[in-house]
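Below is one structure; the comments refer to it alone.
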Amino acid sequence: VRILHTSDWHFGRLFHGVHLTEDQAWWSNQFLKFVAESRIDAVLIAGDIYDRAVPPPDAVALLDDVFARLAIDLRVPVVAMAGNHDSPDRLAFGARLMQAQGVHVFGNLASEPAKVRLRGEDDEVDVFVCPYAEPATARQLTGDPDLHDHDAVVGRAAAMARAARSTHVPAVFMAHAFVAGGSECESERPLAVGGSAAVASAHLSGFDYVALGHLHRSQRVGAESIRYAGSPLKYSFSEADHRKSVTLVETTSGRDPHIEQIELGARRDVRVLTGTLAQILAGPTEGCNRDDYVSVELTDKGAILDAMSRIRQVWPNCLHLDRSAFLGEGVGATRSSQDHRRRSDLDLYEEFFAEVTGDPLEDSEREIISQVTSDIARKERGS
Ligand SMILES: [Mn+2]
């Protein structure tokens, strides 16, 4: 069975204030073209389909269009589930109706992982689905009081799927989690406030393929067949060197799957440019698009008037300017190590508290703040 594994679409995402929906629509067209031309039997989307619990209308319209074209025009089944950015209930609206058209959407974690049987030309595969849930929510949904961390939540679902899998039909397990050993980047939102979010990769053995979501760099964790597809586009400047792709997995009963990464390109690339203003203003080199999203790190030591607007005449989508060389190494170093987007709410609060009071947080205080921030995060997700 020829499966296309993808994840972390983050429809509706803003990148330094720019709406990425047009770029996501461009990518979606490439994706649908590939599905149509490559005899794909099914598409798996392993969570973070939207960027937020309440996505903007154009993002909802884009997903509606992609699902309709897959199911109605191409007749390719879809298995999609919620990640930590999605609202499980909103994502699952109409799920039972869509199922009849071959679009299988899973919002909330179930007490037993759902199974979808997919058919290829002359064989089958079973996909077991484990949507993202915070441990507290997972305890409610499953009735299992022992789910105290992500490792327990995913481990439980995987064990049940392993027990339920058929011996003669290949099995795929789908989860949205941070598996220990995976490599992170800036555009992922940490899954746990305090404590560990990591899931042991040992839980994920016993399947022909494991289709993961959450990490935005495509990668394998441990075994060849346990993989993150990664996001389709670069969602932070820290991903400038990533090669974004979708993962084509061909399962065959009794054999290891054939795995291939397919790069679908981007309407605008994401680049980090370093140099003097004169070098930057010399403009794009061969193979570089002036409409790419760029972050510029100026190495000039002296003051420069209005650097950003001069750069934007050459690079209209320059979204970030770093002048650490001018500001002095001390300031520059503090700045980059304190990039707030990379840090948890708890870390930010601790730093704020220490700055205002001159004292560090005590353990009991930290616990209260940690509880409050995770309550807020849960409310934001609408669960
Ligand atoms: Mn994500």
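Simple scheme: letters A, B, ... for chains in structure tokens order, numbers from 1 for residues in each chain, numbers from 1 for ligands in the order shown.
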
Give me, as a short mmCIF file (atom, residue, chain, number, x, y, z; two decimals) with N, CA, C and O atoms, in the first residue's frame, the set of residues whose atoms come within 12 Å of any atom of ligand 1, counting only C-alpha atoms and all ligand atoms.
```
data_model
loop_
_atom_site.label_atom_id
_atom_site.label_comp_id
_atom_site.auth_asym_id
_atom_site.auth_seq_id
_atom_site.Cartn_x
_atom_site.Cartn_y
_atom_site.Cartn_z
N THR A 6 2.55 12.75 6.15
CA THR A 6 2.89 14.17 6.30
C THR A 6 2.36 14.63 7.67
O THR A 6 1.61 13.90 8.32
N SER A 7 2.77 15.82 8.12
CA SER A 7 2.27 16.32 9.40
C SER A 7 2.59 17.81 9.52
O SER A 7 3.27 18.38 8.66
N ASP A 8 2.10 18.40 10.61
CA ASP A 8 2.47 19.78 10.97
C ASP A 8 2.27 20.78 9.82
O ASP A 8 3.17 21.57 9.53
N TRP A 9 1.09 20.73 9.22
CA TRP A 9 0.78 21.70 8.16
C TRP A 9 0.67 23.11 8.73
O TRP A 9 0.99 24.08 8.10
N HIS A 10 0.15 23.22 9.96
CA HIS A 10 0.01 24.53 10.62
C HIS A 10 -0.68 25.55 9.72
O HIS A 10 -0.23 26.71 9.62
N PHE A 11 -1.79 25.15 9.11
CA PHE A 11 -2.55 26.10 8.29
C PHE A 11 -2.99 27.27 9.16
O PHE A 11 -3.45 27.10 10.29
N ARG A 13 -0.80 29.79 9.91
CA ARG A 13 0.34 30.28 10.67
C ARG A 13 0.78 31.67 10.20
O ARG A 13 0.70 32.00 9.02
N ILE A 45 -2.05 12.38 7.97
CA ILE A 45 -1.61 13.68 8.50
C ILE A 45 -1.53 13.57 10.02
O ILE A 45 -2.55 13.51 10.71
N ALA A 46 -0.29 13.57 10.54
CA ALA A 46 -0.06 13.24 11.96
C ALA A 46 -0.11 14.43 12.90
O ALA A 46 0.73 14.58 13.79
N GLY A 47 -1.12 15.29 12.75
CA GLY A 47 -1.36 16.33 13.75
C GLY A 47 -0.77 17.69 13.43
O GLY A 47 0.06 17.84 12.54
N ASP A 48 -1.24 18.72 14.19
CA ASP A 48 -0.95 20.13 13.91
C ASP A 48 -1.35 20.47 12.48
O ASP A 48 -0.56 21.00 11.69
N ILE A 49 -2.61 20.18 12.20
CA ILE A 49 -3.14 20.48 10.88
C ILE A 49 -3.36 21.98 10.79
O ILE A 49 -2.98 22.63 9.82
N TYR A 50 -3.97 22.53 11.82
CA TYR A 50 -4.07 23.99 11.95
C TYR A 50 -3.00 24.47 12.91
O TYR A 50 -2.49 23.71 13.74
N ASP A 51 -2.71 25.78 12.86
CA ASP A 51 -1.72 26.35 13.76
C ASP A 51 -2.31 26.69 15.13
O ASP A 51 -1.60 26.81 16.10
N ARG A 52 -3.63 26.92 15.16
CA ARG A 52 -4.25 27.24 16.47
C ARG A 52 -5.63 26.63 16.59
O ARG A 52 -6.23 26.20 15.59
N ALA A 82 -5.61 15.15 15.47
CA ALA A 82 -5.24 16.39 16.14
C ALA A 82 -3.83 16.31 16.71
O ALA A 82 -3.39 15.28 17.22
N GLY A 83 -3.11 17.45 16.64
CA GLY A 83 -1.83 17.62 17.33
C GLY A 83 -2.03 18.61 18.47
O GLY A 83 -3.18 18.98 18.77
N ASN A 84 -0.95 19.05 19.09
CA ASN A 84 -1.11 19.94 20.25
C ASN A 84 -1.59 21.33 19.87
O ASN A 84 -2.07 22.07 20.72
N HIS A 85 -1.49 21.71 18.59
CA HIS A 85 -2.00 23.03 18.18
C HIS A 85 -3.49 23.00 17.82
O HIS A 85 -4.13 24.04 17.76
N ASP A 86 -4.03 21.83 17.53
CA ASP A 86 -5.43 21.74 17.08
C ASP A 86 -6.39 21.68 18.26
O ASP A 86 -6.06 21.17 19.32
N TYR A 132 -3.14 13.65 19.79
CA TYR A 132 -2.48 14.27 20.94
C TYR A 132 -3.48 14.53 22.07
O TYR A 132 -4.58 15.00 21.83
N HIS A 176 1.25 11.95 17.76
CA HIS A 176 1.81 13.30 17.78
C HIS A 176 2.51 13.47 19.12
O HIS A 176 1.85 13.61 20.15
N ALA A 177 3.82 13.39 19.14
CA ALA A 177 4.55 13.32 20.41
C ALA A 177 6.00 13.70 20.20
O ALA A 177 6.49 13.74 19.07
N PHE A 178 6.68 13.96 21.32
CA PHE A 178 8.12 14.15 21.26
C PHE A 178 8.78 12.84 21.66
O PHE A 178 8.74 12.46 22.83
N GLU A 184 14.95 18.96 17.85
CA GLU A 184 13.92 20.00 17.89
C GLU A 184 14.34 21.24 17.10
O GLU A 184 15.51 21.42 16.79
N CYS A 185 13.37 22.13 16.81
CA CYS A 185 13.70 23.44 16.25
C CYS A 185 12.75 24.48 16.84
O CYS A 185 11.87 24.15 17.63
N GLU A 186 12.92 25.76 16.41
CA GLU A 186 12.22 26.86 17.08
C GLU A 186 10.72 26.92 16.90
O GLU A 186 10.02 27.52 17.70
N SER A 187 10.19 26.34 15.83
CA SER A 187 8.77 26.56 15.56
C SER A 187 7.84 25.55 16.23
O SER A 187 6.64 25.56 16.01
N GLU A 188 8.41 24.66 17.05
CA GLU A 188 7.54 23.72 17.77
C GLU A 188 7.23 24.28 19.15
O GLU A 188 8.10 24.83 19.81
N ARG A 189 5.99 24.14 19.58
CA ARG A 189 5.62 24.59 20.93
C ARG A 189 5.87 23.42 21.89
O ARG A 189 5.38 22.32 21.65
N PRO A 190 6.67 23.64 22.97
CA PRO A 190 6.97 22.54 23.90
C PRO A 190 5.68 21.88 24.40
O PRO A 190 4.69 22.56 24.65
N LEU A 191 5.71 20.55 24.58
CA LEU A 191 4.49 19.81 24.94
C LEU A 191 4.24 19.79 26.44
O LEU A 191 3.15 19.49 26.88
N LEU A 212 4.95 9.77 12.75
CA LEU A 212 4.92 10.74 13.83
C LEU A 212 4.70 12.16 13.35
O LEU A 212 5.08 12.52 12.22
N GLY A 213 4.11 12.96 14.24
CA GLY A 213 4.01 14.41 14.04
C GLY A 213 4.55 15.08 15.28
O GLY A 213 4.67 14.46 16.33
N HIS A 214 4.90 16.34 15.16
CA HIS A 214 5.32 17.28 16.19
C HIS A 214 6.66 17.92 15.85
O HIS A 214 6.76 19.13 15.84
N LEU A 215 7.71 17.13 15.58
CA LEU A 215 8.99 17.75 15.25
C LEU A 215 8.96 18.21 13.79
O LEU A 215 8.44 17.50 12.93
N HIS A 216 9.48 19.40 13.53
CA HIS A 216 9.33 20.00 12.21
C HIS A 216 10.46 19.66 11.25
O HIS A 216 10.42 20.01 10.08
N ARG A 217 11.50 18.99 11.75
CA ARG A 217 12.53 18.49 10.85
C ARG A 217 12.20 17.04 10.53
O ARG A 217 11.91 16.26 11.43
N SER A 218 12.25 16.66 9.26
CA SER A 218 11.97 15.26 8.93
C SER A 218 13.15 14.44 9.44
O SER A 218 14.31 14.83 9.30
N TYR A 228 9.47 11.02 11.74
CA TYR A 228 8.76 12.29 11.63
C TYR A 228 8.79 12.71 10.16
O TYR A 228 9.87 12.68 9.56
N ALA A 229 7.64 13.09 9.64
CA ALA A 229 7.62 13.59 8.26
C ALA A 229 8.13 15.03 8.23
O ALA A 229 8.68 15.49 7.25
N GLY A 230 7.95 15.75 9.35
CA GLY A 230 8.35 17.16 9.41
C GLY A 230 7.29 18.05 8.78
O GLY A 230 6.38 17.58 8.09
N SER A 231 7.42 19.36 9.01
CA SER A 231 6.45 20.31 8.44
C SER A 231 6.72 20.45 6.94
O SER A 231 7.84 20.25 6.49
N PRO A 232 5.69 20.82 6.16
CA PRO A 232 5.89 20.96 4.72
C PRO A 232 6.68 22.21 4.35
O PRO A 232 7.30 22.27 3.30
N LEU A 233 6.64 23.22 5.23
CA LEU A 233 7.33 24.49 4.96
C LEU A 233 8.19 24.85 6.16
O LEU A 233 8.00 24.32 7.25
N LYS A 234 9.11 25.79 5.95
CA LYS A 234 9.96 26.27 7.05
C LYS A 234 9.19 27.31 7.84
O LYS A 234 8.79 28.33 7.28
N TYR A 235 8.99 27.04 9.13
CA TYR A 235 8.18 27.95 9.94
C TYR A 235 9.00 28.80 10.91
O TYR A 235 8.45 29.43 11.81
N SER A 236 10.34 28.77 10.79
CA SER A 236 11.19 29.67 11.58
C SER A 236 12.52 29.80 10.84
O SER A 236 12.86 28.96 10.00
#
```

Enumerate as an NGL selection string all residues of segment 190-284 of chain A assigned to strand (DSSP E or B) by DSSP on the backbone, naming them with the chain letters and numbers the document uses.
-> :A and (198-199 or 209-213 or 219-220 or 226-228 or 246-252 or 255-262 or 270-275)

Take the residues from that selection and write them out as a PDB file, in the first residue's frame, keeping C-alpha atoms.
```
ATOM      1  CA  ALA A 198       9.526  12.669  26.060  1.00  0.00           C
ATOM      2  CA  VAL A 199       8.136   9.324  24.939  1.00  0.00           C
ATOM      3  CA  TYR A 209       5.808   1.856  10.303  1.00  0.00           C
ATOM      4  CA  VAL A 210       5.294   4.644  12.868  1.00  0.00           C
ATOM      5  CA  ALA A 211       4.022   7.946  11.407  1.00  0.00           C
ATOM      6  CA  LEU A 212       4.920  10.738  13.835  1.00  0.00           C
ATOM      7  CA  GLY A 213       4.005  14.405  14.040  1.00  0.00           C
ATOM      8  CA  GLN A 219      13.917  12.541  10.711  1.00  0.00           C
ATOM      9  CA  ARG A 220      13.982   8.958  11.888  1.00  0.00           C
ATOM     10  CA  ILE A 226       9.928   5.248  13.122  1.00  0.00           C
ATOM     11  CA  ARG A 227       9.754   8.661  11.488  1.00  0.00           C
ATOM     12  CA  TYR A 228       8.757  12.288  11.632  1.00  0.00           C
ATOM     13  CA  VAL A 246       6.657  14.380   2.653  1.00  0.00           C
ATOM     14  CA  THR A 247       7.422  10.708   3.244  1.00  0.00           C
ATOM     15  CA  LEU A 248       6.293   8.043   0.814  1.00  0.00           C
ATOM     16  CA  VAL A 249       5.938   4.665   2.529  1.00  0.00           C
ATOM     17  CA  GLU A 250       5.148   1.517   0.593  1.00  0.00           C
ATOM     18  CA  THR A 251       4.104  -1.348   2.874  1.00  0.00           C
ATOM     19  CA  THR A 252       4.208  -4.985   1.815  1.00  0.00           C
ATOM     20  CA  ARG A 255       8.660  -7.207   4.301  1.00  0.00           C
ATOM     21  CA  ASP A 256      10.181  -3.948   5.563  1.00  0.00           C
ATOM     22  CA  PRO A 257       8.445  -0.944   4.016  1.00  0.00           C
ATOM     23  CA  HIS A 258      10.103   0.995   1.205  1.00  0.00           C
ATOM     24  CA  ILE A 259      10.599   4.600   2.380  1.00  0.00           C
ATOM     25  CA  GLU A 260      11.329   7.656   0.254  1.00  0.00           C
ATOM     26  CA  GLN A 261      11.377  11.388   0.979  1.00  0.00           C
ATOM     27  CA  ILE A 262       9.708  13.620  -1.579  1.00  0.00           C
ATOM     28  CA  VAL A 270      13.446  30.976   4.073  1.00  0.00           C
ATOM     29  CA  ARG A 271      17.052  32.235   4.290  1.00  0.00           C
ATOM     30  CA  VAL A 272      19.457  33.744   6.765  1.00  0.00           C
ATOM     31  CA  LEU A 273      21.882  36.209   5.122  1.00  0.00           C
ATOM     32  CA  THR A 274      25.037  37.383   6.868  1.00  0.00           C
ATOM     33  CA  GLY A 275      27.278  40.205   5.619  1.00  0.00           C
TER      34      GLY A 275
END
```

Could you pull out the alpha helix (DSSP H) residues of segment 39-177 of chain A from DSSP and send them as an MDAnalysis selection string?
-> chainID A and resid 57:68 88:91 95:99 135:142 150:164

Write out as CSV a residue-level contact list of segment 257-348 of chain A versus segment 24-31 of chain A with cut-off 9 Å: for each qualifying residue the closest pair of atoms and the distance in Å to one decimal, counting only C-alpha atoms, rows sorted by chain and residue number upward.
```
residue,atom,partner,partner_atom,distance
A:Leu264,CA,A:Gln30,CA,6.2
A:Gly265,CA,A:Trp27,CA,7.2
A:Ala266,CA,A:Trp27,CA,6.2
A:Arg267,CA,A:Trp26,CA,6.4
```

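Shortest separation to Asp123 of chain A among A:Val103, A:Ile376, A:Ala136, A:Val1 occurs at residue A:Val1, atoms counted being only C-alpha atoms.
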
In Å, rounded to a single decimal, give me how far atom CA of Val78 of chain A is from atom CA of Ala152 of chain A.
-> 27.4 Å

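Every protein or nucleic acid residue with an atom no more than 6 Å from Ser295 of chain A, counting only C-alpha atoms and leaving out same-chain residues fewer than 2 positions away, appears here: Val272, Cys318, Leu319, His320 and Leu321 of chain A.
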
Coordinates-based distance that separates atom CA of Ala282 of chain A from atom CA of Asp306 of chain A (Å, one decimal) = 16.8 Å

Determine, counting only C-alpha atoms, which protein, DNA and RNA residues have an atom within 12 Å of an atom of Gln371 of chain A; residues of the same chain fewer than 4 positions away are not included. Present the result as a count of residues only.
-> 15

Near-segment 66-68 of chain A list (8 Å; only C-alpha atoms; drop same-chain fewer than 2 positions) as a ChimeraX atom specification = /A:28,32,62-64,70-73,78,103

Considering only C-alpha atoms, return as a PyMOL selection string whatever protein or nucleic-acid residues lie within 9 Å of segment 141-143 of chain A, sequence-local ones (same chain, fewer than 4 positions apart) excluded.
-> chain A and resi 108-112+136-137
